[in-house]
Amino acid sequence: MKYRCRDEIINIILQTVMTGATRHKIMFEASISSEQAEEYLLFLQARELICVTGKRAYKITEKGNVYLSKSNELNELLIQ
């Protein structure tokens with residue numbers, strides 16, 4: 001498996017929770033362990049990029065959408 005930086009994993013998580021996702025789905029999509037998922041989810045919640053919905057699912061916030069959009073713009077500039 002290729003090494004992925006923290007920003008790449010965060011972007012994958014934010015894209016996964018766009019329509020709502022459980023912790024298990026996040027772990028699967030980002031290919032991370034339960035311990036890593038816990039660390040990232042707490043980190044993203046503390047910065048108000050995601051929130052917990054009623055059924056223990058996670059959803060991206062408006063602030064998270066802005067972050068993801070800016071991150072994607074930056075990645076496009078770096079690739080060109």
# chains A, B, ... in the order shown; residues from 1 in each chain; ligands from 1
call {"tool": "residues_around", "arguments": {"residues": "His24 of chain A", "least_positions_apart": "4", "cutoff": "9 Å", "atoms": "only C-alpha atoms", "output": "list in words"}}
result
Phe28, Glu29, Ser34 and Ala37 of chain A
call {"tool": "residues_around", "arguments": {"residues": "segment 44-60 of chain A", "least_positions_apart": "2", "cutoff": "7 Å", "atoms": "only C-alpha atoms", "output": "ChimeraX atom specification"}}
result
/A:14,17-23,40-42,62-65
call {"tool": "select_by_dssp", "arguments": {"residues": "chain A", "states": "strand (DSSP E)", "output": "VMD selection string"}}
result
chain A and resid 21 to 22 50 to 52 57 to 60
call {"tool": "write_last_selection", "arguments": {"atoms": "N, CA and C atoms", "output": "mmCIF file, in the first residue's frame"}}
result
data_model
loop_
_atom_site.group_PDB
_atom_site.id
_atom_site.type_symbol
_atom_site.label_atom_id
_atom_site.label_comp_id
_atom_site.auth_asym_id
_atom_site.auth_seq_id
_atom_site.Cartn_x
_atom_site.Cartn_y
_atom_site.Cartn_z
ATOM 1 N N ALA A 21 -22.188 8.716 6.764
ATOM 2 C CA ALA A 21 -21.513 7.420 6.753
ATOM 3 C C ALA A 21 -21.266 6.953 8.182
ATOM 4 N N THR A 22 -21.309 5.643 8.356
ATOM 5 C CA THR A 22 -20.984 5.061 9.652
ATOM 6 C C THR A 22 -19.473 4.955 9.788
ATOM 7 N N ILE A 50 -16.769 17.789 10.757
ATOM 8 C CA ILE A 50 -17.821 16.781 10.669
ATOM 9 C C ILE A 50 -18.654 16.846 11.937
ATOM 10 N N CYS A 51 -19.845 16.258 11.877
ATOM 11 C CA CYS A 51 -20.690 16.167 13.066
ATOM 12 C C CYS A 51 -21.319 14.776 13.101
ATOM 13 N N VAL A 52 -21.807 14.390 14.281
ATOM 14 C CA VAL A 52 -22.453 13.093 14.448
ATOM 15 C C VAL A 52 -23.948 13.298 14.269
ATOM 16 N N ALA A 57 -23.942 8.049 12.869
ATOM 17 C CA ALA A 57 -23.350 8.274 11.552
ATOM 18 C C ALA A 57 -22.711 9.652 11.567
ATOM 19 N N TYR A 58 -21.791 9.859 10.668
ATOM 20 C CA TYR A 58 -21.080 11.127 10.580
ATOM 21 C C TYR A 58 -21.466 11.831 9.296
ATOM 22 N N LYS A 59 -21.501 13.159 9.364
ATOM 23 C CA LYS A 59 -21.859 13.960 8.205
ATOM 24 C C LYS A 59 -20.940 15.178 8.159
ATOM 25 N N ILE A 60 -20.613 15.606 6.957
ATOM 26 C CA ILE A 60 -19.743 16.765 6.778
ATOM 27 C C ILE A 60 -20.518 18.045 7.123
#
call {"tool": "atom_distance", "arguments": {"atom1": "atom CA of Gln36 of chain A", "atom2": "atom CA of Val66 of chain A"}}
result
23.6 Å
